[in-house]
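Source file: final.txt (compact mmCIF, N, CA and C atoms)
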# COMPACT_ATOMS: atom_id res chain seq x y z
N MET E 1 50.60 90.91 88.03
CA MET E 1 50.73 92.22 88.67
C MET E 1 52.04 92.87 88.20
N GLN E 2 51.92 94.09 87.71
CA GLN E 2 53.09 94.82 87.26
C GLN E 2 53.76 95.49 88.46
N THR E 3 55.09 95.40 88.50
CA THR E 3 55.84 95.99 89.61
C THR E 3 56.63 97.20 89.13
N ILE E 4 57.12 97.96 90.07
CA ILE E 4 57.88 99.17 89.77
C ILE E 4 59.10 98.86 88.91
N GLN E 5 59.76 97.73 89.15
CA GLN E 5 60.94 97.40 88.35
C GLN E 5 60.61 97.25 86.86
N ASP E 6 59.35 97.01 86.53
CA ASP E 6 58.93 96.90 85.14
C ASP E 6 58.81 98.25 84.44
N VAL E 7 58.67 99.33 85.19
CA VAL E 7 58.41 100.64 84.59
C VAL E 7 59.42 101.73 84.98
N MET E 8 60.25 101.48 85.98
CA MET E 8 61.14 102.53 86.48
C MET E 8 62.28 102.83 85.53
N THR E 9 62.86 104.01 85.70
CA THR E 9 64.07 104.41 85.00
C THR E 9 65.24 104.04 85.90
N ARG E 10 66.19 103.31 85.34
CA ARG E 10 67.32 102.83 86.15
C ARG E 10 68.53 103.76 86.14
N ASP E 11 68.79 104.42 85.05
CA ASP E 11 69.95 105.31 84.94
C ASP E 11 69.53 106.69 85.40
N VAL E 12 69.74 106.98 86.68
CA VAL E 12 69.22 108.19 87.30
C VAL E 12 70.33 109.22 87.48
N GLN E 13 70.07 110.43 87.01
CA GLN E 13 70.98 111.54 87.28
C GLN E 13 70.81 111.91 88.75
N HIS E 14 71.91 112.19 89.43
CA HIS E 14 71.83 112.56 90.84
C HIS E 14 72.98 113.51 91.19
N VAL E 15 72.86 114.12 92.36
CA VAL E 15 73.89 115.00 92.90
C VAL E 15 74.19 114.57 94.33
N SER E 16 75.27 115.11 94.87
CA SER E 16 75.59 114.85 96.28
C SER E 16 75.25 116.10 97.09
N PRO E 17 75.13 115.95 98.40
CA PRO E 17 74.83 117.13 99.23
C PRO E 17 75.92 118.20 99.14
N GLU E 18 77.13 117.80 98.76
CA GLU E 18 78.26 118.74 98.68
C GLU E 18 78.34 119.46 97.34
N ASP E 19 77.59 118.98 96.33
CA ASP E 19 77.58 119.66 95.04
C ASP E 19 76.96 121.04 95.18
N SER E 20 77.32 121.93 94.27
CA SER E 20 76.74 123.27 94.30
C SER E 20 75.32 123.24 93.75
N VAL E 21 74.54 124.20 94.19
CA VAL E 21 73.19 124.37 93.66
C VAL E 21 73.28 124.64 92.16
N HIS E 22 74.30 125.33 91.75
CA HIS E 22 74.52 125.60 90.33
C HIS E 22 74.64 124.29 89.55
N ARG E 23 75.39 123.33 90.07
CA ARG E 23 75.54 122.03 89.41
C ARG E 23 74.19 121.32 89.31
N ALA E 24 73.41 121.35 90.37
CA ALA E 24 72.08 120.72 90.34
C ALA E 24 71.21 121.37 89.27
N ALA E 25 71.26 122.70 89.17
CA ALA E 25 70.47 123.40 88.16
C ALA E 25 70.94 123.06 86.75
N GLN E 26 72.26 122.89 86.58
CA GLN E 26 72.78 122.49 85.26
C GLN E 26 72.26 121.12 84.85
N ILE E 27 72.23 120.18 85.80
CA ILE E 27 71.71 118.85 85.51
C ILE E 27 70.23 118.93 85.14
N MET E 28 69.48 119.74 85.88
CA MET E 28 68.06 119.91 85.58
C MET E 28 67.87 120.45 84.17
N LYS E 29 68.68 121.43 83.79
CA LYS E 29 68.57 122.00 82.46
C LYS E 29 68.97 120.98 81.39
N GLU E 30 70.10 120.34 81.57
CA GLU E 30 70.63 119.41 80.57
C GLU E 30 69.68 118.24 80.30
N PHE E 31 69.06 117.72 81.36
CA PHE E 31 68.22 116.53 81.22
C PHE E 31 66.73 116.84 81.30
N ASN E 32 66.38 118.13 81.34
CA ASN E 32 64.98 118.57 81.39
C ASN E 32 64.25 117.95 82.58
N LEU E 33 64.81 118.14 83.76
CA LEU E 33 64.26 117.59 85.00
C LEU E 33 63.79 118.70 85.92
N GLY E 34 62.80 118.41 86.74
CA GLY E 34 62.35 119.35 87.75
C GLY E 34 62.84 119.00 89.13
N SER E 35 63.40 117.79 89.26
CA SER E 35 63.95 117.36 90.55
C SER E 35 65.06 116.34 90.30
N VAL E 36 65.99 116.31 91.25
CA VAL E 36 67.14 115.42 91.14
C VAL E 36 67.36 114.77 92.51
N PRO E 37 67.51 113.43 92.54
CA PRO E 37 67.83 112.78 93.81
C PRO E 37 69.19 113.23 94.34
N VAL E 38 69.31 113.28 95.65
CA VAL E 38 70.57 113.62 96.30
C VAL E 38 71.06 112.37 97.02
N VAL E 39 72.26 111.93 96.67
CA VAL E 39 72.81 110.72 97.27
C VAL E 39 74.14 111.02 97.95
N ASP E 40 74.35 110.34 99.06
CA ASP E 40 75.61 110.41 99.78
C ASP E 40 76.21 109.01 99.66
N GLY E 41 77.26 108.87 98.86
CA GLY E 41 77.72 107.54 98.50
C GLY E 41 76.72 106.97 97.52
N ASP E 42 76.01 105.93 97.94
CA ASP E 42 74.91 105.42 97.10
C ASP E 42 73.57 105.49 97.82
N LYS E 43 73.56 106.07 99.02
CA LYS E 43 72.33 106.18 99.81
C LYS E 43 71.58 107.47 99.49
N LEU E 44 70.28 107.34 99.27
CA LEU E 44 69.42 108.49 99.04
C LEU E 44 69.28 109.28 100.34
N VAL E 45 69.58 110.58 100.29
CA VAL E 45 69.46 111.43 101.47
C VAL E 45 68.50 112.59 101.27
N GLY E 46 68.02 112.77 100.04
CA GLY E 46 67.09 113.85 99.77
C GLY E 46 66.79 114.00 98.30
N MET E 47 66.04 115.06 97.99
CA MET E 47 65.74 115.45 96.62
C MET E 47 65.91 116.96 96.56
N ILE E 48 66.39 117.44 95.44
CA ILE E 48 66.41 118.88 95.24
C ILE E 48 65.56 119.17 94.01
N THR E 49 64.66 120.12 94.17
CA THR E 49 63.75 120.47 93.09
C THR E 49 64.07 121.87 92.60
N ASP E 50 63.52 122.20 91.43
CA ASP E 50 63.68 123.55 90.94
C ASP E 50 63.06 124.55 91.92
N ARG E 51 62.00 124.15 92.58
CA ARG E 51 61.37 125.03 93.57
C ARG E 51 62.28 125.20 94.80
N ASP E 52 62.94 124.11 95.24
CA ASP E 52 63.89 124.23 96.36
C ASP E 52 64.96 125.25 96.03
N ILE E 53 65.48 125.18 94.81
CA ILE E 53 66.53 126.12 94.40
C ILE E 53 66.00 127.54 94.41
N THR E 54 64.80 127.74 93.89
CA THR E 54 64.22 129.08 93.82
C THR E 54 63.93 129.65 95.20
N VAL E 55 63.26 128.86 96.04
CA VAL E 55 62.80 129.36 97.33
C VAL E 55 63.88 129.34 98.41
N ARG E 56 64.61 128.26 98.50
CA ARG E 56 65.57 128.11 99.61
C ARG E 56 66.96 128.66 99.30
N SER E 57 67.25 128.88 98.04
CA SER E 57 68.57 129.37 97.68
C SER E 57 68.51 130.75 97.04
N THR E 58 67.92 130.84 95.87
CA THR E 58 67.89 132.11 95.14
C THR E 58 67.16 133.20 95.92
N ALA E 59 65.96 132.91 96.40
CA ALA E 59 65.19 133.92 97.13
C ALA E 59 65.86 134.32 98.45
N ALA E 60 66.69 133.42 98.98
CA ALA E 60 67.41 133.73 100.21
C ALA E 60 68.71 134.49 99.94
N GLY E 61 68.97 134.75 98.65
CA GLY E 61 70.15 135.54 98.29
C GLY E 61 71.45 134.75 98.27
N LYS E 62 71.37 133.44 98.22
CA LYS E 62 72.58 132.62 98.20
C LYS E 62 73.13 132.50 96.78
N ALA E 63 74.43 132.54 96.65
CA ALA E 63 75.08 132.42 95.35
C ALA E 63 75.05 130.96 94.91
N PRO E 64 74.55 130.67 93.71
CA PRO E 64 74.41 129.29 93.26
C PRO E 64 75.74 128.53 93.17
N GLU E 65 76.82 129.23 92.89
CA GLU E 65 78.12 128.56 92.74
C GLU E 65 78.70 128.12 94.08
N THR E 66 78.32 128.82 95.15
CA THR E 66 78.89 128.49 96.47
C THR E 66 77.89 127.83 97.41
N SER E 67 76.61 127.95 97.12
CA SER E 67 75.59 127.31 97.95
C SER E 67 75.57 125.82 97.68
N ARG E 68 75.46 125.02 98.72
CA ARG E 68 75.49 123.56 98.60
C ARG E 68 74.09 122.98 98.51
N VAL E 69 73.97 121.90 97.75
CA VAL E 69 72.71 121.19 97.60
C VAL E 69 72.14 120.81 98.96
N GLY E 70 73.00 120.35 99.86
CA GLY E 70 72.57 119.92 101.18
C GLY E 70 71.88 121.00 101.98
N ASP E 71 72.13 122.27 101.65
CA ASP E 71 71.49 123.38 102.35
C ASP E 71 70.11 123.71 101.80
N SER E 72 69.79 123.23 100.61
CA SER E 72 68.53 123.58 99.96
C SER E 72 67.62 122.40 99.68
N MET E 73 68.11 121.19 99.80
CA MET E 73 67.34 120.00 99.42
C MET E 73 66.22 119.69 100.41
N SER E 74 65.27 118.93 99.93
CA SER E 74 64.21 118.40 100.79
C SER E 74 64.68 117.05 101.32
N THR E 75 64.56 116.86 102.62
CA THR E 75 65.02 115.60 103.21
C THR E 75 63.88 114.62 103.47
N GLU E 76 62.66 115.10 103.50
CA GLU E 76 61.50 114.22 103.68
C GLU E 76 61.09 113.71 102.31
N VAL E 77 61.59 112.54 101.93
CA VAL E 77 61.38 112.03 100.58
C VAL E 77 60.59 110.73 100.64
N ARG E 78 59.53 110.66 99.87
CA ARG E 78 58.77 109.42 99.72
C ARG E 78 59.54 108.52 98.78
N THR E 79 59.69 107.26 99.14
CA THR E 79 60.39 106.30 98.29
C THR E 79 59.52 105.07 98.08
N CYS E 80 59.96 104.23 97.18
CA CYS E 80 59.30 102.95 96.98
C CYS E 80 60.37 101.91 96.67
N TYR E 81 59.95 100.66 96.60
CA TYR E 81 60.84 99.55 96.29
C TYR E 81 60.52 99.00 94.91
N ALA E 82 61.51 98.45 94.25
CA ALA E 82 61.35 97.90 92.90
C ALA E 82 60.31 96.79 92.86
N THR E 83 60.13 96.10 93.97
CA THR E 83 59.21 94.96 94.01
C THR E 83 57.77 95.35 94.34
N GLN E 84 57.53 96.63 94.66
CA GLN E 84 56.17 97.07 94.95
C GLN E 84 55.33 97.07 93.69
N SER E 85 54.03 96.91 93.86
CA SER E 85 53.15 96.94 92.69
C SER E 85 52.98 98.37 92.21
N VAL E 86 52.81 98.51 90.91
CA VAL E 86 52.58 99.81 90.31
C VAL E 86 51.32 100.44 90.90
N ASP E 87 50.29 99.65 91.11
CA ASP E 87 49.03 100.19 91.67
C ASP E 87 49.24 100.78 93.05
N ASP E 88 50.02 100.10 93.90
CA ASP E 88 50.28 100.62 95.25
C ASP E 88 51.01 101.96 95.20
N VAL E 89 52.02 102.05 94.34
CA VAL E 89 52.80 103.28 94.25
C VAL E 89 51.96 104.40 93.63
N LEU E 90 51.14 104.07 92.65
CA LEU E 90 50.24 105.08 92.07
C LEU E 90 49.31 105.65 93.13
N THR E 91 48.79 104.79 93.98
CA THR E 91 47.91 105.25 95.06
C THR E 91 48.66 106.19 96.00
N GLN E 92 49.90 105.82 96.37
CA GLN E 92 50.71 106.67 97.24
C GLN E 92 51.00 108.02 96.59
N MET E 93 51.30 108.01 95.30
CA MET E 93 51.59 109.25 94.58
C MET E 93 50.36 110.16 94.59
N GLY E 94 49.20 109.58 94.38
CA GLY E 94 47.97 110.36 94.42
C GLY E 94 47.68 110.91 95.80
N ASP E 95 47.92 110.09 96.83
CA ASP E 95 47.64 110.51 98.20
C ASP E 95 48.48 111.71 98.63
N VAL E 96 49.74 111.76 98.19
CA VAL E 96 50.62 112.85 98.62
C VAL E 96 50.92 113.84 97.50
N GLN E 97 50.26 113.68 96.38
CA GLN E 97 50.35 114.59 95.24
C GLN E 97 51.78 114.81 94.74
N ILE E 98 52.44 113.71 94.40
CA ILE E 98 53.78 113.80 93.80
C ILE E 98 53.79 113.07 92.46
N ARG E 99 54.68 113.48 91.59
CA ARG E 99 54.73 112.93 90.23
C ARG E 99 55.89 111.98 89.99
N ARG E 100 56.84 111.94 90.92
CA ARG E 100 57.95 110.99 90.77
C ARG E 100 58.43 110.53 92.14
N VAL E 101 58.90 109.28 92.17
CA VAL E 101 59.31 108.67 93.43
C VAL E 101 60.63 107.95 93.22
N PRO E 102 61.64 108.23 94.05
CA PRO E 102 62.89 107.47 93.97
C PRO E 102 62.64 106.01 94.38
N VAL E 103 63.32 105.11 93.70
CA VAL E 103 63.23 103.69 94.00
C VAL E 103 64.51 103.30 94.72
N VAL E 104 64.36 102.72 95.93
CA VAL E 104 65.53 102.34 96.72
C VAL E 104 65.53 100.84 96.98
N ASP E 105 66.71 100.31 97.22
CA ASP E 105 66.87 98.91 97.58
C ASP E 105 66.31 98.70 98.99
N GLN E 106 65.57 97.62 99.18
CA GLN E 106 64.92 97.39 100.48
C GLN E 106 65.91 97.23 101.63
N GLN E 107 67.05 96.60 101.40
CA GLN E 107 68.00 96.38 102.48
C GLN E 107 68.94 97.57 102.69
N SER E 108 69.57 98.02 101.61
CA SER E 108 70.61 99.04 101.75
C SER E 108 70.09 100.47 101.64
N HIS E 109 68.90 100.64 101.14
CA HIS E 109 68.31 101.95 100.88
C HIS E 109 69.13 102.77 99.89
N SER E 110 69.91 102.08 99.06
CA SER E 110 70.63 102.77 98.00
C SER E 110 69.68 103.05 96.84
N LEU E 111 69.95 104.12 96.13
CA LEU E 111 69.13 104.52 95.00
C LEU E 111 69.34 103.54 93.85
N VAL E 112 68.25 102.95 93.35
CA VAL E 112 68.35 102.01 92.23
C VAL E 112 67.57 102.49 91.01
N GLY E 113 66.79 103.55 91.17
CA GLY E 113 66.02 104.07 90.04
C GLY E 113 65.08 105.16 90.48
N ILE E 114 64.24 105.56 89.55
CA ILE E 114 63.20 106.54 89.84
C ILE E 114 62.00 106.18 88.97
N VAL E 115 60.82 106.41 89.48
CA VAL E 115 59.62 106.14 88.70
C VAL E 115 58.77 107.39 88.69
N SER E 116 58.26 107.72 87.52
CA SER E 116 57.42 108.90 87.38
C SER E 116 56.06 108.50 86.87
N LEU E 117 55.14 109.42 87.02
CA LEU E 117 53.80 109.20 86.48
C LEU E 117 53.89 108.95 84.98
N GLY E 118 54.80 109.66 84.32
CA GLY E 118 55.01 109.47 82.89
C GLY E 118 55.49 108.07 82.55
N ASP E 119 56.42 107.53 83.37
CA ASP E 119 56.88 106.15 83.16
C ASP E 119 55.71 105.19 83.21
N MET E 120 54.86 105.38 84.19
CA MET E 120 53.71 104.49 84.36
C MET E 120 52.71 104.65 83.23
N ALA E 121 52.52 105.88 82.79
CA ALA E 121 51.55 106.14 81.72
C ALA E 121 51.99 105.51 80.41
N THR E 122 53.29 105.49 80.14
CA THR E 122 53.75 104.92 78.87
C THR E 122 53.89 103.42 78.91
N LYS E 123 53.94 102.83 80.11
CA LYS E 123 54.16 101.39 80.20
C LYS E 123 52.98 100.61 80.77
N GLN E 124 51.95 101.29 81.21
CA GLN E 124 50.74 100.62 81.70
C GLN E 124 49.62 101.64 81.77
N THR E 125 48.38 101.19 81.82
CA THR E 125 47.28 102.14 81.74
C THR E 125 46.38 102.18 82.96
N SER E 126 46.18 101.10 83.66
CA SER E 126 45.20 101.09 84.75
C SER E 126 45.65 101.98 85.90
N GLY E 127 44.74 102.78 86.41
CA GLY E 127 45.00 103.60 87.58
C GLY E 127 45.62 104.95 87.30
N ILE E 128 46.11 105.20 86.10
CA ILE E 128 46.80 106.45 85.80
C ILE E 128 45.86 107.64 85.91
N GLY E 129 44.67 107.53 85.34
CA GLY E 129 43.72 108.65 85.36
C GLY E 129 43.38 109.08 86.77
N GLN E 130 43.09 108.13 87.64
CA GLN E 130 42.73 108.45 89.02
C GLN E 130 43.92 109.08 89.74
N ALA E 131 45.12 108.53 89.56
CA ALA E 131 46.29 109.09 90.22
C ALA E 131 46.56 110.51 89.74
N LEU E 132 46.46 110.74 88.44
CA LEU E 132 46.70 112.08 87.90
C LEU E 132 45.69 113.07 88.46
N GLN E 133 44.44 112.66 88.56
CA GLN E 133 43.42 113.55 89.12
C GLN E 133 43.75 113.89 90.56
N GLU E 134 44.16 112.91 91.36
CA GLU E 134 44.49 113.16 92.76
C GLU E 134 45.74 114.02 92.90
N ILE E 135 46.74 113.78 92.05
CA ILE E 135 47.98 114.56 92.11
C ILE E 135 47.72 116.01 91.72
N SER E 136 46.85 116.21 90.75
CA SER E 136 46.61 117.56 90.22
C SER E 136 45.57 118.35 90.99
N SER E 137 44.81 117.71 91.87
CA SER E 137 43.79 118.42 92.63
C SER E 137 44.43 119.25 93.73
N PRO E 138 43.86 120.44 94.00
CA PRO E 138 44.41 121.26 95.09
C PRO E 138 44.25 120.55 96.43
N THR E 139 45.20 120.77 97.32
CA THR E 139 45.08 120.20 98.65
C THR E 139 44.00 120.94 99.42
N ASP E 140 43.55 120.36 100.52
CA ASP E 140 42.53 121.02 101.34
C ASP E 140 43.01 122.38 101.82
N ALA E 141 44.29 122.46 102.20
CA ALA E 141 44.85 123.73 102.69
C ALA E 141 44.86 124.78 101.58
N ALA E 142 45.16 124.34 100.34
CA ALA E 142 45.22 125.29 99.23
C ALA E 142 43.83 125.76 98.83
N ALA E 143 42.83 124.92 99.05
CA ALA E 143 41.48 125.27 98.66
C ALA E 143 40.84 126.27 99.61
N LYS E 144 41.37 126.39 100.81
CA LYS E 144 40.78 127.27 101.82
C LYS E 144 41.26 128.70 101.67

Could you show the structure in this file as structure tokens?
Amino acid sequence: MQTIQDVMTRDVQHVSPEDSVHRAAQIMKEFNLGSVPVVDGDKLVGMITDRDITVRSTAAGKAPETSRVGDSMSTEVRTCYATQSVDDVLTQMGDVQIRRVPVVDQQSHSLVGIVSLGDMATKQTSGIGQALQEISSPTDAAAK
């Protein structure tokens, strides 16, 4: 059984809640990312996405240089553990329609990596097609 530690990315770019939204956007641009984990010390406290920046900061008229990540980030973050099976995490990703999941330590909940659908696709094949279909399908609310 393949586990998340076999496919995850360990060197993760991250920001703190006190960093500016501008800094988060710079990291996204530099590393071609759509989301960045937010850590306080080494504990995961949220994620900030390009959509969070657009909707919660820019559209609200906040200046990116002075607006803080903590004011725009998403705090409800799905996580997984390095020891979980790839199949279990793929199923969870499909169920909630997400493409990347932060990997946290089971005891300390510190950020130890991130796993994306792309990581799984390049390092294993079973289950990817089904997960991608579920992630890409419109939700029931969107279909109505």

Expected answer as a ChimeraX atom specification: helix (DSSP H, G or I) residues in chain E: /E:4-6,21-31,50-58,69-72,86-96,117-123,128-136,140-143

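Residues of chain E that DSSP places in strand (DSSP E), based on the backbone of this structure, are Ser35, Val36, Pro37, Val38, Val39, Asp40, Lys43, Leu44, Val45, Gly46, Met47, Ile48, Thr49, Arg100, Val101, Pro102, Val103, Val104, Leu111, Val112, Gly113, Ile114, Val115 and Ser116 of chain E.
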
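Using all atoms listed in the file, the nearest neighbour of E:His109 within the list E:Asp11, E:Glu30, E:Asp19, E:Asp42 is E:Asp42.
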
Surrounding residues of stretch 46-48 of chain E excluding itself and chain neighbours under 2 positions, 7 Å, all atoms listed in the file, as a ChimeraX atom specification: /E:34-40,43-44,50-53,72-77

Would you save the residues from that selection as a short mmCIF file (atom, residue, chain, number, x, y, z; two decimals), keeping the file's coordinate frame, using N, CA and C atoms?
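Output file selection-v5.cif is given in full below:
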data_model
loop_
_atom_site.label_atom_id
_atom_site.label_comp_id
_atom_site.auth_asym_id
_atom_site.auth_seq_id
_atom_site.Cartn_x
_atom_site.Cartn_y
_atom_site.Cartn_z
N GLY E 34 62.80 118.41 86.74
CA GLY E 34 62.35 119.35 87.75
C GLY E 34 62.84 119.00 89.13
N SER E 35 63.40 117.79 89.26
CA SER E 35 63.95 117.36 90.55
C SER E 35 65.06 116.34 90.30
N VAL E 36 65.99 116.31 91.25
CA VAL E 36 67.14 115.42 91.14
C VAL E 36 67.36 114.77 92.51
N PRO E 37 67.51 113.43 92.54
CA PRO E 37 67.83 112.78 93.81
C PRO E 37 69.19 113.23 94.34
N VAL E 38 69.31 113.28 95.65
CA VAL E 38 70.57 113.62 96.30
C VAL E 38 71.06 112.37 97.02
N VAL E 39 72.26 111.93 96.67
CA VAL E 39 72.81 110.72 97.27
C VAL E 39 74.14 111.02 97.95
N ASP E 40 74.35 110.34 99.06
CA ASP E 40 75.61 110.41 99.78
C ASP E 40 76.21 109.01 99.66
N LYS E 43 73.56 106.07 99.02
CA LYS E 43 72.33 106.18 99.81
C LYS E 43 71.58 107.47 99.49
N LEU E 44 70.28 107.34 99.27
CA LEU E 44 69.42 108.49 99.04
C LEU E 44 69.28 109.28 100.34
N ASP E 50 63.52 122.20 91.43
CA ASP E 50 63.68 123.55 90.94
C ASP E 50 63.06 124.55 91.92
N ARG E 51 62.00 124.15 92.58
CA ARG E 51 61.37 125.03 93.57
C ARG E 51 62.28 125.20 94.80
N ASP E 52 62.94 124.11 95.24
CA ASP E 52 63.89 124.23 96.36
C ASP E 52 64.96 125.25 96.03
N ILE E 53 65.48 125.18 94.81
CA ILE E 53 66.53 126.12 94.40
C ILE E 53 66.00 127.54 94.41
N SER E 72 69.79 123.23 100.61
CA SER E 72 68.53 123.58 99.96
C SER E 72 67.62 122.40 99.68
N MET E 73 68.11 121.19 99.80
CA MET E 73 67.34 120.00 99.42
C MET E 73 66.22 119.69 100.41
N SER E 74 65.27 118.93 99.93
CA SER E 74 64.21 118.40 100.79
C SER E 74 64.68 117.05 101.32
N THR E 75 64.56 116.86 102.62
CA THR E 75 65.02 115.60 103.21
C THR E 75 63.88 114.62 103.47
N GLU E 76 62.66 115.10 103.50
CA GLU E 76 61.50 114.22 103.68
C GLU E 76 61.09 113.71 102.31
N VAL E 77 61.59 112.54 101.93
CA VAL E 77 61.38 112.03 100.58
C VAL E 77 60.59 110.73 100.64
#

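A straight-line distance of 19.0 Å separates atom C of E:Met1 from atom N of E:Pro102.
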
Atom CA of E:Gln107 to atom CA of E:Leu33, distance in Å rounded to a single decimal: 27.7 Å

I want to know what sits within 6.5 Å of E:Gln5, based on all atoms listed in the file, with residues of the same chain fewer than 3 positions away left out; could you give that as an NGL selection string? :E and (2 or 8 or 81-84)

Quick one: distance from atom N of E:Met93 to atom N of E:Leu111 in Å, one decimal? 19.1 Å

Using all atoms listed in the file, determine which residues lie at most 6 Å from E:Glu65, disregarding the query and same-chain residues fewer than 6 positions distant; provide the list as a PyMOL selection string. chain E and resi 20-22

Would you compute, for all listed atoms of stretch 61-79 of chain E, the axis-aligned bounding box grown by 6 Å on each side, and then report its centre and edge lengths in Å rounded to one decimal, as AutoDock Vina command-line options?
--center_x 68.8 --center_y 120.3 --center_z 98.2 --size_x 32.1 --size_y 42.5 --size_z 22.9

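Considering the residues E:Ala59, E:Val45, E:Val69, E:Val7 and counting only N, CA and C atoms, E:Ala24 has its shortest atom-to-atom contact with E:Val69.
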